[in-house]
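Data from coords_20.pdb: PDB, C-alpha atoms
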```
ATOM      1  CA  MET R  12     123.152 175.466  68.007
ATOM      2  CA  SER R  13     124.996 175.066  64.730
ATOM      3  CA  THR R  14     124.473 172.055  62.512
ATOM      4  CA  ARG R  15     128.094 171.014  63.097
ATOM      5  CA  LYS R  16     127.683 171.065  66.910
ATOM      6  CA  LEU R  17     124.377 169.194  66.726
ATOM      7  CA  LEU R  18     125.946 166.503  64.567
ATOM      8  CA  ARG R  19     128.918 166.201  66.918
ATOM      9  CA  HIS R  20     126.691 165.816  69.997
ATOM     10  CA  THR R  21     124.558 163.235  68.206
ATOM     11  CA  CYS R  22     127.627 161.170  67.298
ATOM     12  CA  ILE R  23     128.924 161.303  70.885
ATOM     13  CA  LEU R  24     125.573 160.103  72.245
ATOM     14  CA  ALA R  25     125.458 157.301  69.674
ATOM     15  CA  LEU R  26     128.966 156.151  70.588
ATOM     16  CA  LEU R  27     128.125 156.212  74.288
ATOM     17  CA  GLY R  28     124.883 154.325  73.739
ATOM     18  CA  ALA R  29     126.347 151.567  71.559
ATOM     19  CA  PRO R  30     128.388 149.787  74.272
ATOM     20  CA  LEU R  31     125.528 150.156  76.727
ATOM     21  CA  ALA R  32     123.218 148.323  74.317
ATOM     22  CA  ALA R  33     125.820 145.617  73.711
ATOM     23  CA  VAL R  34     126.035 144.681  77.384
ATOM     24  CA  ALA R  35     122.343 144.965  78.217
ATOM     25  CA  ALA R  36     121.237 142.190  80.559
ATOM     26  CA  PRO R  37     119.153 139.332  79.118
ATOM     27  CA  SER R  38     115.482 139.159  80.038
ATOM     28  CA  THR R  39     114.644 137.497  83.351
ATOM     29  CA  ASP R  40     111.091 136.618  82.272
ATOM     30  CA  PRO R  41     109.992 132.945  82.402
ATOM     31  CA  LEU R  42     110.161 130.931  79.196
ATOM     32  CA  PHE R  43     108.037 128.246  77.591
ATOM     33  CA  THR R  44     110.303 125.648  75.950
ATOM     34  CA  PHE R  45     109.212 122.887  73.598
ATOM     35  CA  GLY R  46     111.459 120.403  71.822
ATOM     36  CA  LEU R  47     112.677 116.912  71.037
ATOM     37  CA  LEU R  48     114.728 114.485  73.100
ATOM     38  CA  GLY R  49     116.617 111.274  72.494
ATOM     39  CA  SER R  50     118.104 108.805  74.950
ATOM     40  CA  TYR R  51     120.223 105.687  75.225
ATOM     41  CA  ASP R  52     119.171 103.306  77.993
ATOM     42  CA  LYS R  53     121.143 100.491  79.598
ATOM     43  CA  PHE R  54     119.151  97.975  81.639
ATOM     44  CA  LYS R  55     120.635  95.472  84.088
ATOM     45  CA  PHE R  56     118.417  92.810  85.638
ATOM     46  CA  GLU R  57     119.576  91.026  88.791
ATOM     47  CA  GLY R  58     117.664  88.098  90.250
ATOM     48  CA  GLY R  59     119.152  85.545  92.613
ATOM     49  CA  ASP R  60     122.469  84.402  91.144
ATOM     50  CA  GLU R  61     121.609  85.555  87.610
ATOM     51  CA  SER R  62     121.986  88.882  85.835
ATOM     52  CA  ASP R  63     121.344  90.142  82.334
ATOM     53  CA  THR R  64     121.860  93.433  80.474
ATOM     54  CA  ASP R  65     120.104  95.045  77.532
ATOM     55  CA  HIS R  66     120.142  98.329  75.619
ATOM     56  CA  LEU R  67     117.400 100.470  74.094
ATOM     57  CA  GLY R  68     117.166 103.816  72.319
ATOM     58  CA  GLN R  69     114.208 106.166  72.763
ATOM     59  CA  GLY R  70     112.853 109.330  71.189
ATOM     60  CA  GLY R  71     110.251 111.767  72.406
ATOM     61  CA  VAL R  72     109.130 115.302  73.178
ATOM     62  CA  PHE R  73     109.383 117.605  76.187
ATOM     63  CA  ALA R  74     107.900 120.907  77.293
ATOM     64  CA  ASN R  75     108.402 123.151  80.321
ATOM     65  CA  PHE R  76     107.561 126.613  81.599
ATOM     66  CA  GLY R  77     109.487 128.564  84.211
ATOM     67  CA  ASN R  78     112.404 130.826  85.046
ATOM     68  CA  LYS R  79     115.108 128.323  86.065
ATOM     69  CA  MET R  80     117.221 129.415  83.066
ATOM     70  CA  THR R  81     116.531 133.161  83.309
ATOM     71  CA  ALA R  82     116.003 134.332  86.915
ATOM     72  CA  GLU R  83     118.908 136.045  88.667
ATOM     73  CA  SER R  84     117.749 135.934  92.299
ATOM     74  CA  GLY R  85     114.707 135.125  94.368
ATOM     75  CA  LEU R  86     112.019 132.563  93.609
ATOM     76  CA  VAL R  87     112.660 130.067  90.810
ATOM     77  CA  TYR R  88     110.094 127.637  89.461
ATOM     78  CA  GLN R  89     109.435 125.279  86.585
ATOM     79  CA  ILE R  90     106.635 122.927  85.566
ATOM     80  CA  GLY R  91     107.290 120.432  82.806
ATOM     81  CA  GLY R  92     106.635 117.081  81.250
ATOM     82  CA  GLN R  93     108.002 114.627  78.726
ATOM     83  CA  ALA R  94     106.931 111.547  76.790
ATOM     84  CA  LYS R  95     109.205 108.904  75.218
ATOM     85  CA  TYR R  96     108.902 105.811  73.065
ATOM     86  CA  GLY R  97     111.380 103.082  72.187
ATOM     87  CA  GLU R  98     111.222  99.784  70.301
ATOM     88  CA  LYS R  99     113.725  96.980  69.817
ATOM     89  CA  ASN R 100     113.039  93.510  68.371
ATOM     90  CA  ASP R 101     109.283  94.120  68.802
ATOM     91  CA  ASN R 102     109.822  94.971  72.495
ATOM     92  CA  LYS R 103     108.153  98.344  73.172
ATOM     93  CA  LEU R 104     108.712 100.855  75.961
ATOM     94  CA  LYS R 105     106.412 103.837  76.538
ATOM     95  CA  GLU R 106     107.054 106.456  79.208
ATOM     96  CA  ALA R 107     105.741 109.761  80.534
ATOM     97  CA  GLN R 108     106.783 112.017  83.389
ATOM     98  CA  ALA R 109     105.645 115.315  84.920
ATOM     99  CA  ASP R 110     107.676 117.528  87.297
ATOM    100  CA  LEU R 111     107.100 120.613  89.432
ATOM    101  CA  ASP R 112     110.162 122.469  90.800
ATOM    102  CA  LEU R 113     110.275 125.321  93.326
ATOM    103  CA  GLY R 114     113.387 126.941  94.733
ATOM    104  CA  TRP R 115     115.336 129.997  95.804
ATOM    105  CA  ARG R 116     118.277 131.566  93.966
ATOM    106  CA  ALA R 117     121.099 133.751  95.259
ATOM    107  CA  ALA R 118     123.585 135.785  93.219
ATOM    108  CA  LEU R 119     127.295 135.189  93.784
ATOM    109  CA  ASP R 120     128.176 138.112  91.491
ATOM    110  CA  ALA R 121     126.830 139.721  88.316
ATOM    111  CA  ARG R 122     127.163 136.519  86.265
ATOM    112  CA  ASN R 123     127.066 133.583  88.697
ATOM    113  CA  PHE R 124     124.053 132.280  90.617
ATOM    114  CA  VAL R 125     123.269 129.273  92.827
ATOM    115  CA  ASP R 126     119.923 127.842  93.896
ATOM    116  CA  VAL R 127     118.275 125.115  95.953
ATOM    117  CA  ILE R 128     115.373 123.240  94.356
ATOM    118  CA  VAL R 129     112.675 121.026  95.876
ATOM    119  CA  GLY R 130     109.719 119.541  94.098
ATOM    120  CA  GLY R 131     107.829 116.468  93.057
ATOM    121  CA  GLY R 132     106.170 114.701  90.191
ATOM    122  CA  TYR R 133     104.795 111.502  88.742
ATOM    123  CA  SER R 134     106.316 108.919  86.415
ATOM    124  CA  TRP R 135     104.609 106.243  84.328
ATOM    125  CA  SER R 136     106.083 103.532  82.099
ATOM    126  CA  ARG R 137     104.757 100.529  80.179
ATOM    127  CA  PHE R 138     106.949  97.731  78.850
ATOM    128  CA  GLU R 139     105.423  95.456  76.199
ATOM    129  CA  PRO R 140     107.753  92.510  75.498
ATOM    130  CA  ALA R 141     107.343  90.252  72.486
ATOM    131  CA  ILE R 142     106.684  86.785  73.966
ATOM    132  CA  ASN R 143     105.498  84.171  71.447
ATOM    133  CA  GLY R 144     102.519  86.208  70.259
ATOM    134  CA  VAL R 145     101.106  86.699  73.769
ATOM    135  CA  ASP R 146     100.181  90.255  74.752
ATOM    136  CA  VAL R 147     102.095  91.170  77.918
ATOM    137  CA  GLU R 148     102.171  94.567  79.644
ATOM    138  CA  LEU R 149     104.304  95.559  82.621
ATOM    139  CA  THR R 150     103.215  98.964  83.938
ATOM    140  CA  ASN R 151     105.059 100.999  86.575
ATOM    141  CA  LYS R 152     103.494 104.024  88.301
ATOM    142  CA  SER R 153     105.231 106.111  90.915
ATOM    143  CA  PRO R 154     104.939 109.584  92.449
ATOM    144  CA  PHE R 155     108.246 111.059  93.593
ATOM    145  CA  ALA R 156     109.792 113.873  95.592
ATOM    146  CA  LYS R 157     112.982 115.593  94.479
ATOM    147  CA  ALA R 158     115.737 117.875  95.757
ATOM    148  CA  ALA R 159     118.587 119.473  93.820
ATOM    149  CA  LEU R 160     121.322 122.100  93.737
ATOM    150  CA  GLY R 161     121.701 124.372  90.706
ATOM    151  CA  TYR R 162     124.338 126.712  89.290
ATOM    152  CA  ASN R 163     123.798 129.279  86.504
ATOM    153  CA  HIS R 164     126.507 131.186  84.652
ATOM    154  CA  GLN R 165     125.352 134.087  82.505
ATOM    155  CA  PHE R 166     127.261 134.911  79.318
ATOM    156  CA  ASP R 167     126.469 137.974  77.184
ATOM    157  CA  THR R 168     123.817 136.224  75.076
ATOM    158  CA  SER R 169     123.454 132.788  76.698
ATOM    159  CA  THR R 170     123.144 131.035  80.063
ATOM    160  CA  LEU R 171     124.716 127.771  81.186
ATOM    161  CA  ARG R 172     123.004 125.762  83.935
ATOM    162  CA  VAL R 173     124.221 122.700  85.869
ATOM    163  CA  GLU R 174     121.803 120.834  88.140
ATOM    164  CA  LEU R 175     122.560 117.868  90.395
ATOM    165  CA  GLY R 176     119.872 116.157  92.405
ATOM    166  CA  ALA R 177     117.904 113.060  93.336
ATOM    167  CA  ARG R 178     114.346 111.787  93.013
ATOM    168  CA  ARG R 179     112.827 109.657  95.794
ATOM    169  CA  THR R 180     110.058 107.330  94.610
ATOM    170  CA  LEU R 181     107.043 107.036  96.908
ATOM    171  CA  ASP R 182     104.610 104.114  97.037
ATOM    172  CA  GLY R 183     105.379 102.846  93.541
ATOM    173  CA  ARG R 184     103.296 100.085  91.977
ATOM    174  CA  ALA R 185     104.029  97.540  89.262
ATOM    175  CA  LYS R 186     101.241  95.738  87.399
ATOM    176  CA  LEU R 187     101.743  92.718  85.147
ATOM    177  CA  ASP R 188      98.942  91.980  82.665
ATOM    178  CA  VAL R 189      99.176  88.771  80.581
ATOM    179  CA  GLU R 190      96.646  87.967  77.875
ATOM    180  CA  ASP R 191      94.291  85.112  78.898
ATOM    181  CA  PHE R 192      96.027  84.814  82.295
ATOM    182  CA  GLY R 193      94.780  87.942  84.060
ATOM    183  CA  ASN R 194      96.891  90.471  85.944
ATOM    184  CA  ASP R 195      98.688  90.966  89.228
ATOM    185  CA  SER R 196     100.054  93.994  91.096
ATOM    186  CA  VAL R 197     102.937  94.372  93.522
ATOM    187  CA  ASP R 198     104.423  97.238  95.498
ATOM    188  CA  LEU R 199     107.829  98.646  94.621
ATOM    189  CA  LYS R 200     110.301  99.651  97.298
ATOM    190  CA  ASP R 201     110.970 103.362  97.678
ATOM    191  CA  ARG R 202     114.301 104.205  96.077
ATOM    192  CA  THR R 203     116.489 107.316  95.800
ATOM    193  CA  ASN R 204     117.616 107.850  92.199
ATOM    194  CA  PRO R 205     120.285 110.459  91.298
ATOM    195  CA  TYR R 206     120.244 112.639  88.196
ATOM    196  CA  ALA R 207     122.362 115.330  86.537
ATOM    197  CA  GLU R 208     121.550 117.912  83.852
ATOM    198  CA  VAL R 209     123.606 120.444  81.879
ATOM    199  CA  SER R 210     121.595 122.979  79.854
ATOM    200  CA  LEU R 211     122.556 125.899  77.598
ATOM    201  CA  LEU R 212     120.108 128.652  76.650
ATOM    202  CA  MET R 213     121.417 130.404  73.535
ATOM    203  CA  ASN R 214     120.462 133.564  71.636
ATOM    204  CA  GLN R 215     118.665 135.054  74.664
ATOM    205  CA  LYS R 216     118.501 138.506  73.080
ATOM    206  CA  GLY R 217     117.279 137.188  69.738
ATOM    207  CA  ASP R 218     113.789 136.528  68.460
ATOM    208  CA  LEU R 219     114.051 132.769  68.884
ATOM    209  CA  PRO R 220     116.183 131.469  71.800
ATOM    210  CA  ILE R 221     117.334 127.856  71.575
ATOM    211  CA  GLN R 222     117.832 125.556  74.556
ATOM    212  CA  ALA R 223     119.987 122.428  74.345
ATOM    213  CA  GLY R 224     121.237 120.068  77.004
ATOM    214  CA  VAL R 225     122.370 116.646  78.109
ATOM    215  CA  TYR R 226     121.214 114.614  81.101
ATOM    216  CA  TYR R 227     121.807 111.403  83.029
ATOM    217  CA  THR R 228     119.463 109.515  85.346
ATOM    218  CA  ARG R 229     119.916 106.356  87.386
ATOM    219  CA  THR R 230     116.739 104.468  88.274
ATOM    220  CA  GLU R 231     116.408 101.298  90.329
ATOM    221  CA  TYR R 232     113.286  99.163  90.599
ATOM    222  CA  LYS R 233     112.986  96.604  93.378
ATOM    223  CA  LEU R 234     110.000  94.515  94.444
ATOM    224  CA  ASP R 235     108.667  95.190  97.910
ATOM    225  CA  GLY R 236     108.024  91.626  99.069
ATOM    226  CA  ASP R 237     108.911  89.259 101.883
ATOM    227  CA  SER R 238     110.109  86.338  99.793
ATOM    228  CA  GLU R 239     113.796  85.713  99.217
ATOM    229  CA  VAL R 240     113.316  85.925  95.452
ATOM    230  CA  ALA R 241     111.560  89.291  95.653
ATOM    231  CA  ASP R 242     114.166  90.770  97.981
ATOM    232  CA  ASN R 243     116.980  89.841  95.611
ATOM    233  CA  THR R 244     115.249  90.892  92.374
ATOM    234  CA  LYS R 245     115.962  94.348  90.992
ATOM    235  CA  LEU R 246     116.240  96.230  87.711
ATOM    236  CA  LYS R 247     118.835  98.976  87.318
ATOM    237  CA  ARG R 248     118.591 101.531  84.532
ATOM    238  CA  ASP R 249     121.135 104.088  83.336
ATOM    239  CA  GLU R 250     119.769 106.678  80.909
ATOM    240  CA  PHE R 251     121.887 109.126  78.900
ATOM    241  CA  GLY R 252     119.925 111.723  76.938
ATOM    242  CA  VAL R 253     120.020 114.914  74.910
ATOM    243  CA  LYS R 254     117.372 117.649  74.524
ATOM    244  CA  VAL R 255     116.994 120.432  71.935
ATOM    245  CA  GLY R 256     114.106 122.877  71.916
ATOM    246  CA  MET R 257     112.850 126.375  71.108
ATOM    247  CA  ALA R 258     112.088 128.864  73.865
ATOM    248  CA  PHE R 259     109.343 131.476  73.686
TER     249      PHE R 259
END
```

Could you write out this structure as structure tokens?
Amino acid sequence: MSTRKLLRHTCILALLGAPLAAVAAPSTDPLFTFGLLGSYDKFKFEGGDESDTDHLGQGGVFANFGNKMTAESGLVYQIGGQAKYGEKNDNKLKEAQADLDLGWRAALDARNFVDVIVGGGYSWSRFEPAINGVDVELTNKSPFAKAALGYNHQFDTSTLRVELGARRTLDGRAKLDVEDFGNDSVDLKDRTNPYAEVSLLMNQKGDLPIQAGVYYTRTEYKLDGDSEVADNTKLKRDEFGVKVGMAF
């Protein structure tokens, strides 16, 4: 074969291969994601005929591992956790949560996918109010079950995910510990709390994918007691947050 023919065939193969490389599908392997989060929290306390509202900002870290952002069909899973801290006027709020999600995904077409998620986890929080120099701690602990619906749209180099679901608290406990006065515990009523998340995984074909997202959760705490005061006492919390992390 002449040099001219060899060069021509090489150029044709290169031109044919270029568009194929440009539209290559992103990896479907699971990812480990680690990053920072920030949230704005609105609290509303209702007790008897009285109500009060307050606001608090929090910052923290999160990490998760799974294929919820990458899988195209079949089994989807994710295990993750987060920790947050907020302080306002010497009032401190510490929180941690762990989740395990399992589900099944179906493809609508080459770029659109839907899934059903079930799972569970455990949440912990400790509120330390500033009350005239007295150390006070209010600790909430609660396992939960969850169910959600998810939708993924795959772009050329990124994936958008929307997830809507609810967490059902199970056998929650609240413990109040007051310095020099001892402590007391009370059951919390089981509640169903909705949540929503929108996540974007960017630069999937690059060396360092980035994941960013926003979320909303609604949480309601209510004492599980027989007294009239306990039955009418509840704390409602609306949390709006943002997450940014690196995926490996």

Once 5 Å is added on each side, what centre and edge lengths in Å to one decimal does the axis-aligned box around all listed atoms of stretch 100-118 of chain R have, as lines of an AutoDock Vina configuration file?
```
center_x = 114.6
center_y = 114.6
center_z = 82.1
size_x = 27.9
size_y = 52.3
size_z = 37.4
```

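Across the chains present, the PyMOL selection byres ((chain R and resi 97) around 7) applied to this file returns Leu67, Gly68, Gln69, Gly70, Lys95, Tyr96, Glu98, Lys99, Lys103, Leu104 and Lys105 of chain R.
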
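With all atoms listed in the file as the atoms that count, the minimum distance from R:Glu208 to the choices R:Leu119, R:Leu149, R:Ala223, R:Ala82 is reached by R:Ala223.
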
I'd like to see the residues matched by the PyMOL selection byres ((chain R and resi 112) around 10) on this file, and ideally I'd get them as JSON, numbers by chain. {"R": [77, 79, 87, 88, 89, 90, 91, 110, 111, 113, 114, 127, 128, 129, 130, 131, 132, 156, 157, 158, 159]}

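Counting from atom CA of R:Ala118, the distance to atom CA of R:Met80 is 13.6 Å.
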
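Distances from R:Phe251, R:Tyr51, R:Phe155, R:Tyr162 to R:Asp126 were compared using all atoms listed in the file, and the smallest one belongs to R:Tyr162.
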
Find the residues near R:Ser196: any atom within 10 Å, counting all atoms listed in the file, skip ones fewer than 3 places away on the same chain, and give them as a list in words.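 The contact residues come out as Leu149, Thr150, Asn151, Arg184, Ala185, Lys186, Leu187, Asp188 and Leu199 of chain R.
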
Selected residues written out with C-alpha atoms, as a PDB file, in the coordinates of the input:
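As written to disk, out.pdb reads:
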```pdb
ATOM      1  CA  LEU R 149     104.304  95.559  82.621  1.00  0.00           C
ATOM      2  CA  THR R 150     103.215  98.964  83.938  1.00  0.00           C
ATOM      3  CA  ASN R 151     105.059 100.999  86.575  1.00  0.00           C
ATOM      4  CA  ARG R 184     103.296 100.085  91.977  1.00  0.00           C
ATOM      5  CA  ALA R 185     104.029  97.540  89.262  1.00  0.00           C
ATOM      6  CA  LYS R 186     101.241  95.738  87.399  1.00  0.00           C
ATOM      7  CA  LEU R 187     101.743  92.718  85.147  1.00  0.00           C
ATOM      8  CA  ASP R 188      98.942  91.980  82.665  1.00  0.00           C
ATOM      9  CA  LEU R 199     107.829  98.646  94.621  1.00  0.00           C
TER      10      LEU R 199
END
```

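Residues matching the PyMOL selection byres ((chain R and resi 172) around 6) in this structure come to Tyr162, Asn163, Leu171, Val173, Val209 and Ser210 of chain R.
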
Closest of R:Phe73, R:Glu106, R:Thr81, R:Arg116 to R:Pro220 - atom-to-atom distances counting only C-alpha atoms: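 Comparing R:Phe73, R:Glu106, R:Thr81, R:Arg116 against R:Pro220, the winner is R:Thr81.
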
Can you tell me, as a PyMOL selection string, what residues are no more than 8 Å from R:Leu175 when counting all atoms listed in the file, ignoring any on the same chain fewer than 5 positions away? chain R and resi 159-161+205-208

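Using only C-alpha atoms, the nearest neighbour of R:Glu83 within the list R:Pro41, R:Gly144, R:Gly46, R:Pro154 is R:Pro41.
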
Exercise: R:Lys55 partners within 8 Å, all atoms listed in the file, chain neighbours under 3 positions left out, as a list in words: Ser62, Asp63, Thr64, Asp65, Leu246, Lys247 and Arg248 of chain R

Measure the distance from atom CA of R:Arg229 to atom CA of R:Leu211 in Å and round it to one decimal.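 Going from atom CA of R:Arg229 over to atom CA of R:Leu211, I get 22.0 Å.
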
Nearby residues, (110.3, 105.3, 99.7) file frame, 9 Å, only C-alpha atoms, as a ChimeraX atom specification: /R:155,179-183,199-203

Any idea what the distance is between atom CA of R:Phe192 and atom CA of R:Trp135?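 These two atoms are separated by 23.2 Å.
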
Closest to R:Ser50 among R:Asn102, R:Gln222, R:Asn78, R:Thr228, using all atoms listed in the file? R:Thr228

Name the residues in contact with R:Thr44 at a cut-off of 8 Å, using only C-alpha atoms, excluding same-chain residues fewer than 3 positions from it; report them as a count of residues only. 8
